[in-house]
Each structure stands twice: as structure tokens, then as C-alpha cells.
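Structure file work_34.tsv with TSV, C-alpha atoms:
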chain	number	residue	atom	x	y	z
P	139	MET	CA	-27.05	-18.95	28.83
P	140	PHE	CA	-23.40	-18.49	29.77
P	141	VAL	CA	-22.35	-21.39	27.55
P	142	PHE	CA	-24.30	-19.96	24.66
P	143	ARG	CA	-22.73	-16.56	25.17
P	144	LYS	CA	-19.26	-18.05	25.40
P	145	GLY	CA	-19.85	-20.01	22.22
P	146	TYR	CA	-21.16	-16.86	20.52
P	147	LEU	CA	-17.99	-14.97	21.46
P	148	VAL	CA	-15.85	-17.75	20.03
P	149	VAL	CA	-17.82	-17.73	16.76
P	150	SER	CA	-17.62	-13.92	16.54
P	151	SER	CA	-13.87	-13.91	17.15
P	152	PHE	CA	-13.36	-16.74	14.66
P	153	LYS	CA	-15.40	-14.90	12.04
P	154	ARG	CA	-13.48	-11.64	12.31
P	155	TYR	CA	-10.13	-13.44	12.07
P	156	GLY	CA	-11.52	-15.34	9.10
P	157	VAL	CA	-12.32	-12.03	7.39
P	158	ALA	CA	-8.79	-10.83	8.17
P	159	LEU	CA	-7.29	-14.02	6.69
P	160	ALA	CA	-9.38	-13.62	3.54
P	161	GLY	CA	-8.13	-10.03	3.27
P	162	VAL	CA	-4.50	-11.12	3.58
P	163	VAL	CA	-4.98	-13.77	0.86
P	164	PHE	CA	-6.68	-11.21	-1.37
P	165	HIS	CA	-3.78	-8.77	-1.01
P	166	LEU	CA	-1.24	-11.53	-1.60
P	167	MET	CA	-2.81	-12.03	-5.02
P	168	ILE	CA	-2.93	-8.42	-6.20
P	169	GLY	CA	0.44	-7.69	-4.59
P	170	GLY	CA	1.96	-9.82	-7.34
P	171	VAL	CA	2.11	-6.58	-9.31
P	172	TYR	CA	5.35	-5.81	-7.44
P	173	ALA	CA	6.97	-8.80	-9.18
P	174	TRP	CA	6.68	-7.15	-12.60
P	175	SER	CA	10.45	-6.71	-12.82
P	176	VAL	CA	10.73	-10.53	-12.96
P	177	PHE	CA	8.84	-10.48	-16.26
P	178	THR	CA	10.55	-7.47	-17.83
P	179	LYS	CA	13.59	-9.16	-19.42
P	180	PRO	CA	11.71	-12.30	-20.55
P	181	ILE	CA	9.13	-10.06	-22.26
P	182	VAL	CA	11.89	-8.05	-23.94
P	183	ARG	CA	13.51	-11.26	-25.24
P	184	GLU	CA	10.17	-12.62	-26.42
P	185	THR	CA	8.91	-9.49	-28.18
P	186	GLY	CA	11.89	-7.27	-28.94
P	187	TRP	CA	10.25	-4.31	-27.18
P	188	ARG	CA	12.44	-1.81	-25.35
P	189	GLU	CA	12.85	-2.40	-21.63
P	190	SER	CA	11.59	1.09	-20.83
P	191	SER	CA	8.43	0.41	-22.84
P	192	VAL	CA	7.77	-2.78	-20.89
P	193	ALA	CA	8.52	-1.09	-17.56
P	194	PHE	CA	5.95	1.62	-18.37
P	195	ALA	CA	3.18	-0.99	-18.10
P	196	PHE	CA	3.92	-1.23	-14.37
P	197	SER	CA	3.81	2.55	-13.89
P	198	LEU	CA	0.51	2.63	-15.78
P	199	ALA	CA	-0.94	-0.10	-13.55
P	200	ILE	CA	0.03	1.78	-10.37
P	201	PHE	CA	-1.42	4.99	-11.78
P	202	PHE	CA	-4.76	3.34	-12.50
P	203	LEU	CA	-4.65	1.67	-9.09
P	204	GLY	CA	-4.47	5.01	-7.35
P	205	MET	CA	-6.93	6.83	-9.58
P	206	SER	CA	-9.56	4.06	-9.64
P	207	ALA	CA	-9.36	3.45	-5.90
P	208	ALA	CA	-11.35	6.63	-5.20
P	209	PHE	CA	-14.28	5.44	-7.31
P	210	MET	CA	-14.01	1.83	-6.18
P	211	GLY	CA	-13.94	2.92	-2.54
P	212	GLN	CA	-17.40	4.42	-3.01
P	213	LEU	CA	-18.63	1.14	-4.50
P	214	VAL	CA	-17.38	-0.73	-1.41
P	215	GLU	CA	-19.66	1.44	0.73
P	216	LYS	CA	-22.62	1.18	-1.66
P	217	PHE	CA	-22.54	-2.47	-2.74
P	218	GLY	CA	-20.31	-4.11	-0.13
P	219	PRO	CA	-16.75	-5.49	-0.19
P	220	SER	CA	-17.72	-8.93	-1.56
P	221	THR	CA	-19.21	-7.38	-4.68
P	222	VAL	CA	-16.26	-5.08	-5.30
P	223	GLY	CA	-13.86	-7.94	-4.55
P	224	THR	CA	-15.61	-10.01	-7.20
P	225	ILE	CA	-15.26	-7.15	-9.69
P	226	SER	CA	-11.56	-6.92	-8.78
P	227	SER	CA	-11.00	-10.63	-9.38
P	228	ILE	CA	-12.57	-10.36	-12.84
P	229	PHE	CA	-10.56	-7.28	-13.85
P	230	TYR	CA	-7.24	-8.45	-12.42
P	231	GLY	CA	-7.50	-12.04	-13.63
P	232	THR	CA	-8.57	-10.88	-17.09
P	233	GLY	CA	-5.83	-8.24	-17.23
P	234	ILE	CA	-3.12	-10.79	-16.41
P	235	ALA	CA	-4.44	-13.31	-18.94
P	236	LEU	CA	-4.72	-10.65	-21.67
P	237	THR	CA	-1.12	-9.68	-20.94
P	238	GLY	CA	-0.16	-13.14	-22.17
P	239	LEU	CA	-2.22	-12.56	-25.32
P	240	ALA	CA	-0.50	-9.19	-25.87
P	241	ILE	CA	2.91	-10.86	-25.67
P	242	HIS	CA	1.81	-13.70	-27.95
P	243	ASN	CA	0.58	-11.23	-30.60
P	244	ARG	CA	3.43	-8.75	-29.91
P	245	GLN	CA	1.01	-5.84	-29.49
P	246	LEU	CA	2.38	-3.20	-27.12
P	247	TRP	CA	-0.87	-1.25	-27.01
P	248	LEU	CA	-2.65	-4.38	-25.79
P	249	LEU	CA	-0.03	-4.80	-23.05
P	250	TYR	CA	-0.79	-1.30	-21.79
P	251	LEU	CA	-4.56	-1.90	-22.01
P	252	ALA	CA	-4.38	-5.34	-20.39
P	253	TYR	CA	-1.83	-4.91	-17.62
P	254	GLY	CA	-1.92	-1.14	-17.19
P	255	VAL	CA	-5.60	-0.27	-17.53
P	256	ILE	CA	-7.63	-3.45	-16.91
P	257	GLY	CA	-5.16	-4.89	-14.42
P	258	GLY	CA	-4.81	-1.46	-12.78
P	259	LEU	CA	-8.58	-1.23	-12.31
P	260	GLY	CA	-8.47	-4.66	-10.70
P	261	LEU	CA	-5.69	-3.47	-8.41
P	262	GLY	CA	-7.56	-0.33	-7.38
P	263	SER	CA	-10.78	-2.16	-6.56
P	264	GLY	CA	-8.88	-5.00	-4.90
P	265	TYR	CA	-6.71	-2.77	-2.73
P	266	VAL	CA	-9.64	-0.98	-1.06
P	267	THR	CA	-11.85	-4.08	-0.74
P	268	PRO	CA	-10.48	-5.68	2.45
P	269	VAL	CA	-8.81	-2.80	4.30
P	270	SER	CA	-11.78	-0.72	5.42
P	271	THR	CA	-13.76	-3.89	6.12
P	272	ILE	CA	-11.06	-5.35	8.37
P	273	VAL	CA	-10.85	-2.05	10.28
P	274	ARG	CA	-14.55	-2.39	11.06
P	275	TRP	CA	-14.01	-5.91	12.41
P	276	PHE	CA	-11.07	-4.80	14.58
P	277	PRO	CA	-12.03	-1.43	16.12
P	278	ASP	CA	-9.86	-2.38	19.11
P	279	LYS	CA	-6.80	-3.24	16.96
P	280	ARG	CA	-7.11	-1.14	13.83
P	281	GLY	CA	-3.39	-0.82	13.28
P	282	LEU	CA	-2.65	-4.53	13.65
P	283	ALA	CA	-5.52	-5.49	11.36
P	284	THR	CA	-4.62	-3.15	8.51
P	285	GLY	CA	-0.94	-3.95	9.00
P	286	LEU	CA	-1.61	-7.65	8.43
P	287	ALA	CA	-3.65	-7.09	5.28
P	288	ILE	CA	-1.30	-4.58	3.69
P	289	MET	CA	1.74	-6.61	4.72
P	290	GLY	CA	0.35	-9.28	2.40
P	291	PHE	CA	0.52	-6.80	-0.48
P	292	GLY	CA	4.12	-5.94	0.38
P	293	PHE	CA	5.30	-9.56	0.66
P	294	ALA	CA	3.52	-10.85	-2.45
P	295	ALA	CA	6.51	-10.27	-4.73
P	296	LEU	CA	8.62	-12.64	-2.60
P	297	LEU	CA	6.14	-15.42	-3.42
P	298	THR	CA	5.21	-14.49	-6.96
P	299	GLY	CA	8.77	-13.93	-8.18
P	300	PRO	CA	10.15	-17.47	-7.70
P	301	VAL	CA	6.87	-19.10	-8.81
P	302	ALA	CA	6.74	-17.00	-11.98
P	303	LEU	CA	10.36	-17.81	-12.86
P	304	ARG	CA	9.66	-21.53	-12.43
P	305	LEU	CA	6.55	-21.34	-14.59
P	306	ILE	CA	8.38	-19.43	-17.35
P	307	LEU	CA	11.02	-22.16	-17.49
P	308	THR	CA	8.49	-25.02	-17.54
P	309	ILE	CA	5.49	-23.81	-19.58
P	310	GLY	CA	6.78	-20.65	-21.27
P	311	LEU	CA	6.16	-16.93	-20.79
P	312	VAL	CA	2.77	-16.61	-22.50
P	313	ARG	CA	1.25	-19.62	-20.76
P	314	THR	CA	2.60	-18.35	-17.45
P	315	PHE	CA	0.36	-15.29	-17.74
P	316	TYR	CA	-2.60	-17.45	-18.71
P	317	ALA	CA	-2.01	-19.70	-15.69
P	318	LEU	CA	-1.49	-16.80	-13.27
P	319	GLY	CA	-4.58	-15.02	-14.57
P	320	LEU	CA	-6.73	-18.09	-13.94
P	321	PHE	CA	-5.14	-18.71	-10.53
P	322	TYR	CA	-5.55	-15.10	-9.38
P	323	PHE	CA	-9.17	-15.02	-10.53
P	324	THR	CA	-10.06	-18.28	-8.76
P	325	VAL	CA	-8.41	-17.47	-5.42
P	326	MET	CA	-9.60	-13.86	-5.36
P	327	ILE	CA	-13.24	-14.58	-6.18
P	328	ILE	CA	-13.37	-17.22	-3.44
P	329	ALA	CA	-11.66	-14.96	-0.87
P	330	ALA	CA	-13.96	-12.06	-1.77
P	331	GLN	CA	-17.03	-13.99	-0.61
P	332	PHE	CA	-15.64	-14.07	2.94
P	333	ILE	CA	-14.91	-10.33	3.12
P	334	LYS	CA	-18.11	-8.88	4.56
P	335	LYS	CA	-18.90	-5.96	6.83
P	336	PRO	CA	-19.80	-6.87	10.43
P	337	HIS	CA	-23.32	-6.41	11.73
P	338	PRO	CA	-23.52	-4.58	15.08
P	339	HIS	CA	-24.30	-7.78	16.99
P	340	GLU	CA	-21.36	-9.67	15.47
P	341	LEU	CA	-18.67	-7.87	17.45
P	342	PRO	CA	-18.01	-9.17	20.98
P	343	THR	CA	-19.44	-6.79	23.60
P	344	VAL	CA	-16.07	-5.93	25.14
P	345	ILE	CA	-14.68	-4.94	21.73
P	346	ALA	CA	-17.76	-2.87	20.88
P	347	GLN	CA	-17.43	-1.03	24.18
P	348	ASN	CA	-13.74	-0.31	23.54
P	349	ALA	CA	-14.74	1.25	20.21
P	350	ALA	CA	-17.43	3.48	21.72
P	351	ARG	CA	-15.64	6.71	20.77
P	352	ILE	CA	-16.63	7.62	17.23
P	353	SER	CA	-13.42	9.38	16.17
P	354	LEU	CA	-10.65	11.70	17.32
P	355	THR	CA	-12.80	14.61	16.16
P	356	ASN	CA	-15.93	13.15	17.81
P	357	GLN	CA	-17.65	13.29	14.42
P	358	GLU	CA	-18.91	10.56	12.10
P	359	MET	CA	-18.24	11.92	8.60
P	360	THR	CA	-19.26	10.79	5.15
P	361	ALA	CA	-16.64	10.68	2.41
P	362	SER	CA	-17.92	13.89	0.82
P	363	GLN	CA	-17.70	15.67	4.17
P	364	ALA	CA	-14.27	14.27	4.98
P	365	VAL	CA	-12.55	15.39	1.76
P	366	ARG	CA	-13.57	18.99	2.41
P	367	THR	CA	-11.78	19.15	5.76
P	368	ARG	CA	-8.27	20.41	6.45
P	369	TRP	CA	-7.63	17.10	8.23
P	370	PHE	CA	-8.03	15.21	4.95
P	371	ALA	CA	-5.82	17.68	3.06
P	372	CYS	CA	-3.09	17.28	5.66
P	373	LEU	CA	-3.30	13.47	5.66
P	374	TRP	CA	-3.27	13.38	1.84
P	375	PHE	CA	-0.16	15.58	1.80
P	376	MET	CA	1.62	13.46	4.41
P	377	PHE	CA	0.77	10.24	2.57
P	378	PHE	CA	1.96	11.75	-0.73
P	379	ILE	CA	5.31	12.84	0.73
P	380	ASN	CA	5.86	9.48	2.40
P	381	ILE	CA	5.29	7.58	-0.85
P	382	THR	CA	7.24	10.07	-3.00
P	383	THR	CA	10.32	9.54	-0.82
P	384	GLY	CA	9.93	5.77	-0.52
P	385	ILE	CA	9.05	4.88	-4.08
P	386	GLY	CA	11.73	7.22	-5.39
P	387	LEU	CA	14.41	5.52	-3.29
P	388	VAL	CA	13.25	1.98	-4.03
P	389	SER	CA	13.32	2.67	-7.78
P	390	VAL	CA	17.08	3.43	-7.68
P	391	ALA	CA	18.23	1.59	-4.54
P	392	SER	CA	20.79	-0.62	-6.28
P	393	PRO	CA	22.50	1.96	-8.57
P	394	MET	CA	22.43	4.61	-5.82
P	395	ALA	CA	24.15	2.26	-3.34
P	396	GLN	CA	26.84	1.43	-5.92
P	397	ASN	CA	27.30	5.10	-6.83
P	398	MET	CA	27.47	6.50	-3.30
P	399	THR	CA	29.38	3.66	-1.56
P	400	THR	CA	31.84	0.91	-2.46
P	401	MET	CA	29.01	-1.61	-2.70
P	402	THR	CA	29.33	-4.18	-5.51
P	403	PRO	CA	26.43	-5.03	-7.86
P	404	ALA	CA	26.04	-8.45	-6.21
P	405	THR	CA	25.90	-6.95	-2.72
P	406	ALA	CA	23.48	-4.28	-3.90
P	407	ALA	CA	21.19	-6.99	-5.29
P	408	VAL	CA	21.16	-8.72	-1.90
P	409	MET	CA	20.44	-5.38	-0.23
P	410	VAL	CA	17.42	-4.83	-2.49
P	411	GLY	CA	15.97	-8.13	-1.32
P	412	ILE	CA	16.54	-7.24	2.32
P	413	ILE	CA	14.94	-3.80	2.05
P	414	GLY	CA	11.93	-5.57	0.55
P	415	LEU	CA	11.60	-7.51	3.81
P	416	PHE	CA	11.79	-4.27	5.80
P	417	ASN	CA	9.10	-2.81	3.54
P	418	GLY	CA	6.83	-5.75	4.33
P	419	PHE	CA	7.55	-6.15	8.05
P	420	GLY	CA	7.52	-2.38	8.52
P	421	ARG	CA	3.87	-2.36	7.51
P	422	LEU	CA	2.96	-4.67	10.38
P	423	ALA	CA	5.41	-3.36	12.99
P	424	TRP	CA	4.57	0.35	12.63
P	425	ALA	CA	0.82	-0.31	12.34
P	426	THR	CA	0.87	-2.42	15.51
P	427	LEU	CA	2.89	0.26	17.31
P	428	SER	CA	0.26	2.82	16.33
P	429	ASP	CA	-2.34	0.89	18.36
P	430	TYR	CA	-0.31	1.70	21.48
P	431	ILE	CA	1.02	5.22	20.89
P	432	GLY	CA	-1.66	6.52	18.52
P	433	ARG	CA	-1.63	7.26	14.80
P	434	PRO	CA	-0.69	11.00	15.05
P	435	LEU	CA	2.50	10.28	17.02
P	436	THR	CA	3.35	7.29	14.81
P	437	TYR	CA	3.21	9.34	11.61
P	438	SER	CA	5.33	12.08	13.22
P	439	LEU	CA	7.96	9.47	14.17
P	440	ILE	CA	7.94	8.11	10.63
P	441	PHE	CA	8.98	11.49	9.22
P	442	VAL	CA	11.54	12.08	11.99
P	443	LEU	CA	13.17	8.75	11.12
P	444	ASP	CA	12.97	9.57	7.39
P	445	VAL	CA	14.89	12.82	7.86
P	446	VAL	CA	17.57	11.24	10.06
P	447	MET	CA	18.11	8.29	7.70
P	448	LEU	CA	18.27	10.55	4.62
P	449	LEU	CA	20.98	12.58	6.35
P	450	ILE	CA	22.87	9.35	7.05
P	451	LEU	CA	22.68	8.41	3.36
P	452	ILE	CA	24.37	11.70	2.50
P	453	ILE	CA	27.01	11.67	5.26
P	454	PHE	CA	28.08	8.03	5.64
P	455	LYS	CA	29.70	6.04	2.83
P	456	GLN	CA	30.11	2.69	4.60
P	457	PRO	CA	28.00	0.04	2.80
P	458	PHE	CA	26.57	-1.47	6.02
P	459	ILE	CA	25.43	1.87	7.47
P	460	PHE	CA	24.09	2.95	4.06
P	461	ALA	CA	22.13	-0.30	3.70
P	462	LEU	CA	20.78	-0.08	7.25
P	463	ALA	CA	19.56	3.47	6.64
P	464	LEU	CA	17.81	2.36	3.44
P	465	CYS	CA	16.20	-0.55	5.27
P	466	LEU	CA	14.76	1.77	7.94
P	467	LEU	CA	13.59	4.18	5.24
P	468	MET	CA	11.77	1.30	3.53
P	469	SER	CA	10.12	0.32	6.80
P	470	CYS	CA	8.78	3.90	6.98
P	471	TYR	CA	7.64	3.65	3.36
P	472	GLY	CA	5.65	0.50	4.13
P	473	ALA	CA	4.35	2.05	7.34
P	474	GLY	CA	2.70	4.88	5.42
P	475	PHE	CA	0.44	2.38	3.64
P	476	SER	CA	-0.56	0.39	6.72
P	477	VAL	CA	-1.07	3.25	9.18
P	478	ILE	CA	-3.08	5.58	6.93
P	479	PRO	CA	-6.32	3.49	6.81
P	480	ALA	CA	-6.45	3.26	10.61
P	481	TYR	CA	-5.58	6.98	10.85
P	482	LEU	CA	-8.47	7.85	8.53
P	483	GLY	CA	-10.78	5.69	10.63
P	484	ASP	CA	-9.60	7.45	13.78
P	485	VAL	CA	-10.24	10.91	12.34
P	486	PHE	CA	-13.40	10.45	10.27
P	487	SER	CA	-14.89	7.23	11.77
P	488	THR	CA	-15.47	4.03	9.80
P	489	LYS	CA	-18.87	5.06	8.42
P	490	GLU	CA	-17.55	5.44	4.85
P	491	LEU	CA	-13.93	4.49	5.40
P	492	GLY	CA	-13.69	2.55	2.12
P	493	ALA	CA	-14.54	5.65	0.11
P	494	ILE	CA	-12.30	7.93	2.17
P	495	HIS	CA	-9.39	5.49	1.87
P	496	GLY	CA	-9.97	5.35	-1.87
P	497	TYR	CA	-9.76	9.13	-2.15
P	498	VAL	CA	-6.49	9.32	-0.22
P	499	LEU	CA	-4.96	6.64	-2.48
P	500	THR	CA	-4.93	9.18	-5.32
P	501	ALA	CA	-1.79	10.42	-3.56
P	502	TRP	CA	-0.21	7.07	-4.49
P	503	ALA	CA	-0.94	7.65	-8.16
P	504	ALA	CA	0.63	11.11	-8.02
P	505	ALA	CA	3.65	10.05	-5.97
P	506	GLY	CA	4.26	7.05	-8.23
P	507	MET	CA	4.96	9.50	-11.04
P	508	VAL	CA	6.76	12.21	-9.06
P	509	GLY	CA	9.23	10.21	-6.95
P	510	PRO	CA	10.99	8.09	-9.61
P	511	LEU	CA	10.90	10.90	-12.18
P	512	LEU	CA	12.45	13.38	-9.73
P	513	LEU	CA	15.31	11.03	-8.91
P	514	SER	CA	16.00	9.95	-12.49
P	515	TRP	CA	15.84	13.52	-13.83
P	516	THR	CA	18.16	15.05	-11.22
P	517	HIS	CA	20.64	12.17	-11.61
P	518	GLN	CA	20.61	12.55	-15.37
P	519	VAL	CA	21.25	16.32	-15.17
P	520	LEU	CA	23.57	16.51	-12.14
P	521	HIS	CA	25.08	12.99	-12.26
P	522	ASN	CA	24.61	12.47	-8.50
P	523	TYR	CA	21.85	11.72	-6.00
P	524	TYR	CA	22.75	14.30	-3.36
P	525	VAL	CA	20.47	17.11	-4.57
P	526	THR	CA	17.45	14.81	-4.67
P	527	LEU	CA	18.21	13.46	-1.20
P	528	VAL	CA	18.36	17.03	0.10
P	529	ALA	CA	15.03	17.72	-1.64
P	530	PHE	CA	13.55	14.65	0.05
P	531	ILE	CA	14.80	15.92	3.43
P	532	ILE	CA	13.10	19.28	2.87
P	533	ILE	CA	9.73	17.81	1.87
P	534	ASP	CA	9.88	15.27	4.73
P	535	LEU	CA	10.54	18.12	7.16
P	536	LEU	CA	7.45	19.89	5.79
P	537	ALA	CA	5.41	16.72	6.22
P	538	MET	CA	6.76	16.30	9.76
P	539	ILE	CA	5.67	19.84	10.63
P	540	VAL	CA	2.19	19.15	9.25
P	541	SER	CA	2.02	15.90	11.23
P	542	LEU	CA	3.08	17.61	14.47
P	543	ARG	CA	0.48	20.34	13.89
P	544	ILE	CA	-2.22	17.70	13.44
P	545	GLN	CA	-1.07	15.98	16.61
P	546	LYS	CA	-1.19	19.26	18.51
P	547	GLY	CA	-4.57	20.06	16.95
P	548	PHE	CA	-6.13	16.87	18.29
P	549	VAL	CA	-4.77	17.56	21.78
P	550	THR	CA	-6.22	21.11	21.70
P	551	HIS	CA	-9.52	19.78	20.36
P	552	HIS	CA	-9.89	17.30	23.21
P	553	LEU	CA	-8.94	19.88	25.83
P	554	THR	CA	-11.65	22.17	24.40
P	555	GLU	CA	-14.19	19.31	24.41
P	556	SER	CA	-13.31	18.46	28.02
P	557	ALA	CA	-13.75	22.07	29.13

Would you write out, as C-alpha cells, the structure that this file holds?
Amino acid sequence: MFVFRKGYLVVSSFKRYGVALAGVVFHLMIGGVYAWSVFTKPIVRETGWRESSVAFAFSLAIFFLGMSAAFMGQLVEKFGPSTVGTISSIFYGTGIALTGLAIHNRQLWLLYLAYGVIGGLGLGSGYVTPVSTIVRWFPDKRGLATGLAIMGFGFAALLTGPVALRLILTIGLVRTFYALGLFYFTVMIIAAQFIKKPHPHELPTVIAQNAARISLTNQEMTASQAVRTRWFACLWFMFFINITTGIGLVSVASPMAQNMTTMTPATAAVMVGIIGLFNGFGRLAWATLSDYIGRPLTYSLIFVLDVVMLLILIIFKQPFIFALALCLLMSCYGAGFSVIPAYLGDVFSTKELGAIHGYVLTAWAAAGMVGPLLLSWTHQVLHNYYVTLVAFIIIDLLAMIVSLRIQKGFVTHHLTESA
């Protein structure tokens, strides 16, 4: 009996790490969207389109990612992650392949439909597919689990970029999209079949006992109940501010460093690559830290660090200090993505976490428009970045206050429950 039980525990542990691995692979595929800048100039040369027109396809894809995630999150709860993952593989693979057709036929509207709309729908459904499922498999290590999966999304550009450049040189731009579309579809549809929710008996007993507490609020909420709470509104606002700051800075990191310091274009290009690593590793590091100190305190620390580093960007002109501050800011940007799913699970339980996570991702769609536009507009009008950095400090301070109030609210709630 003991041997059987020991073997059962090994199988259960192996299965949950297998689900996590499948989730990482899945996010590595859809995270290729961050390598769009690699394709921008080749597409411009091939078609004659303006660079801004080509770049808009990426913004459109991110917008549809955020907006579709809310709907797709509900489908994860209703039909299961494998089904939604399969849908994602079809949409994303088709969108990438049709992008090649749009370039071949030189039809800009088809580029927006293929990459922006169809690909964006694939991104939205693919992003929510593994995250909530992995949280359910790792109730004892929610932060670590989501950090691993979402780190895959952050690091994907480092893999896709060099591969895409090699393919463009060997088989041409159009065929590169055809090949990537087929590759993404094949890998994603296989990985999706391994991403399944755990049955109650599939979690080792010790882990199930560690996850006995339903949530920080001691309530198990549905998605429709969760979105009506002040907790959700506060978390949405915090997530929105975090992304607005991060995505705004990453969109102008190179020119801002050259403008505000003595950094050369070559050095700035190296810095951009390094901050990408901090973005990826920050997702895992902060999420893992949150398992030990709790999600409320982690999010508060993220905004504290944001404010301090933004002040350093304004005050210090030395390239090394400026670059270091940007790197830490990018780690906070990545942290927002990896910590929020576990935070939502802590507050509302994992009953309908996929749907709740999908709803909060609408903040990504909004911030993706606000952050870059705010920076580009203020720089165009005022010819400097200082006013926008001050604006970012103000909104991060507001988010920090909200985060501290949430943290205090949970402490008060538990004291009341104990009494």
C-alpha cells in the first residue's frame, strides 16, 4: 500500500510539472509576437508600406489580445484549457500564415486582419489557457508556477528573433511567415492537449492540505461576482498602471537613454537587449518572492521600486545608473504580469480564475494604447521626457497607495474573522 501511494505521489508530481512544461512551451510560441520589430524593416522593404503602418499591426494584435482574453477566459472555465488552447493554435497559426499572404499580395488591410485581429484572438485565447490551469496544479507555489509560464512569454522574442532573421535570409520573408505559422500551429496544438485541469484526487495530499484556505477573503467567487467587488477594481487599476509605465518606457528606451544621457546608439541597443532579460527574469523572480512574502506586499514593493527608479532616471545622467534603473523598472513591468494571476487566485479563489484573469487583462489592452501614446505625445510637444516621467511617478504613487490600502484591508479582514 505504501509503495502504491509513493508511486501515486510520483505520478501526480510528474503530471503537474508536465502541465507546467506544456504551459511554458505554449507561451514560448505566442510570445513570438514580441519579435515583431524584427519583421518591420523587411516588410517595409518588401511592400513599400510606411514603418508606422507596419508597426500598427503589433499594437492591434496586443489590443485584441487584451480585449479577447476576457471572453476566452470564460471559455477556459466552460470548455476546458485544452479546447481553448486548440482554438488558440488555429487562430494564431492561421494569422501568422495569412500575414505572409498579405505581404505577398501587398494588402495592408489583410495584414491588419491577419496579424492584428486573427493573430490577436489567438494571442488572447492562448495567453489565458495555461496560466489559470497551472495555478490550480500548484496551489502551494502559485507564484513560481505562473512566473515560469509567463516568463516563457517574455523570453520568446530572444528565441524567435534570431530564428526569424535566419529564415528570412534563407527562404525569404513570405515563406518565413508560412513556415512559422505551420510550426506554431503544430507545437501549440500538441502542447494544448497536455494542459488540463487537475481532478481533486490528482494533487498530492500534502499539497491539497496546504491549499485548504479558499482565499484571502475566505470566499470562493465566480467571475461575475468578482468583477463587481472593489478588490477587482483595485487590482485592475494597479495592473493598468504597472503596464502603462512599463510599456511606455520600453517603447522609447533607446531614444530616451540617448536623449537623457551620453549613451551612444550602439550602447543603447545593447541596453535594450539587457532590459529584455530583466523583463523575463523579473517575471519569475518577483512571482517566486510573492510565494514567501505574499502577493499584497509584493505588489506594494513593485510600485515603491517603480517610484524610486523613475526618480533616478530624472536625477542621474550617468549611462550605467540610468541603464540599471531601467533594468529594475523592466523587472517590475514583467512582475506585474506574473504576480497578478496568483494574486487573483488568492483573493477570489481558483474556481473561475481563467475568466477572472481574462477580465483583468483588458487593462493590458488599455495600457498598451495609453503608455506609448502618452510618452510619444509629450515628447513631440515638449521635446523632453521629464514631464512624462513625473506623470508616471504620480500615477505609480496612486497605485502604491491603493496597493497598501488593499494590504491593510486584508489584515483588518483577518483580524475581524479571528475575533

Would you list the contacts of region 387-394 of chain P as a PDB file with C-alpha atoms, in the coordinates of the input, taking every protein, DNA or RNA residue within 8 Å and counting only C-alpha atoms, but skipping same-chain residues closer than 3 positions in sequence?
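result-v8.pdb, freshly written:
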ATOM      1  CA  THR P 383      10.320   9.540  -0.820  1.00  0.00           C
ATOM      2  CA  GLY P 384       9.930   5.770  -0.520  1.00  0.00           C
ATOM      3  CA  ASN P 397      27.300   5.100  -6.830  1.00  0.00           C
ATOM      4  CA  MET P 398      27.470   6.500  -3.300  1.00  0.00           C
ATOM      5  CA  PRO P 403      26.430  -5.030  -7.860  1.00  0.00           C
ATOM      6  CA  ALA P 406      23.480  -4.280  -3.900  1.00  0.00           C
ATOM      7  CA  ALA P 407      21.190  -6.990  -5.290  1.00  0.00           C
ATOM      8  CA  MET P 409      20.440  -5.380  -0.230  1.00  0.00           C
ATOM      9  CA  VAL P 410      17.420  -4.830  -2.490  1.00  0.00           C
ATOM     10  CA  MET P 468      11.770   1.300   3.530  1.00  0.00           C
ATOM     11  CA  GLY P 509       9.230  10.210  -6.950  1.00  0.00           C
ATOM     12  CA  PRO P 510      10.990   8.090  -9.610  1.00  0.00           C
ATOM     13  CA  LEU P 513      15.310  11.030  -8.910  1.00  0.00           C
ATOM     14  CA  TYR P 523      21.850  11.720  -6.000  1.00  0.00           C
TER      15      TYR P 523
END

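The spacing separating CA of Lys179 (chain P) from CA of Ala302 (chain P) amounts to 12.8 Å.
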
* To do: Rank nothing, just name the residue among P:Lys489, P:Tyr524, P:Ile379, P:Leu236 nearest to Gln363 (chain P), using all atoms listed in the file.
  =>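 For Gln363 (chain P), the nearest of the candidates is P:Lys489.
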
* Could you pull the residues within 10 Å of Met167 (chain P), counting all atoms listed in the file, minus those fewer than 2 positions along the same chain, as a ChimeraX atom specification? -> /P:162-165,169-171,227,230-231,261,264,290-291,294-295,297-298,318,321-323,325-326

* Structure fact -> Computed gap from CA of Ile533 (chain P) to CA of Val442 (chain P) is 11.8 Å

* Asked: Taking into account only C-alpha atoms, which residue in the set P:Val528, P:Glu490, P:Ser469, P:Trp424 is nearest to Leu451 (chain P)?
  ->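 Between P:Val528, P:Glu490, P:Ser469, P:Trp424, the residue approaching Leu451 (chain P) most closely is P:Val528.
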
* Go through P:Ser428, P:Ile453, P:Arg154, P:Ser191 one by one, measure the shortest atom-to-atom distance of each to Phe276 (chain P) using only C-alpha atoms, and give the residue with the smallest value. => P:Arg154

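Distances from P:Ala461, P:Leu198, P:Val255, P:Met376 to Gln396 (chain P) were compared using all atoms listed in the file, and the smallest one belongs to P:Ala461.
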
Pull the neighbourhood of (8.6, -14.5, -28.2) for me: all residues within 8 Å in file coordinates, counting only C-alpha atoms, as an mmCIF file with C-alpha atoms, keeping the file's coordinate frame.
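What ended up in part16.cif:
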data_model
loop_
_atom_site.group_PDB
_atom_site.id
_atom_site.type_symbol
_atom_site.label_atom_id
_atom_site.label_comp_id
_atom_site.auth_asym_id
_atom_site.auth_seq_id
_atom_site.Cartn_x
_atom_site.Cartn_y
_atom_site.Cartn_z
ATOM 1 C CA ILE P 181 9.130 -10.060 -22.260
ATOM 2 C CA ARG P 183 13.510 -11.260 -25.240
ATOM 3 C CA GLU P 184 10.170 -12.620 -26.420
ATOM 4 C CA THR P 185 8.910 -9.490 -28.180
ATOM 5 C CA GLY P 186 11.890 -7.270 -28.940
ATOM 6 C CA ILE P 241 2.910 -10.860 -25.670
ATOM 7 C CA HIS P 242 1.810 -13.700 -27.950
ATOM 8 C CA ARG P 244 3.430 -8.750 -29.910
#

* Top pick for closest residue to Lys546 (chain P), considering P:Val176, P:Leu435, P:Leu511, P:Met359 and counting only C-alpha atoms ->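 Selected residue with least distance to Lys546 (chain P): P:Leu435.
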
* Near Ala493 (chain P), counting all atoms listed in the file, which residues have an atom at most 10 Å away, once you skip same-chain residues fewer than 6 positions from it, shown as a list in words? -> Ala207, Ala208, Phe209, Met210, Gly211, Gln212, Leu213, Val214, Glu215, Lys216, Val266, Ser270, Thr360, Ala361, Ser362, Ala364 and Leu499 of chain P

* **All residues 8 Å or closer to Ala504 (chain P), all atoms listed in the file, same chain fewer than 3 positions away omitted, as JSON, numbers by chain** => {"P": [201, 204, 378, 500, 501, 507, 508]}
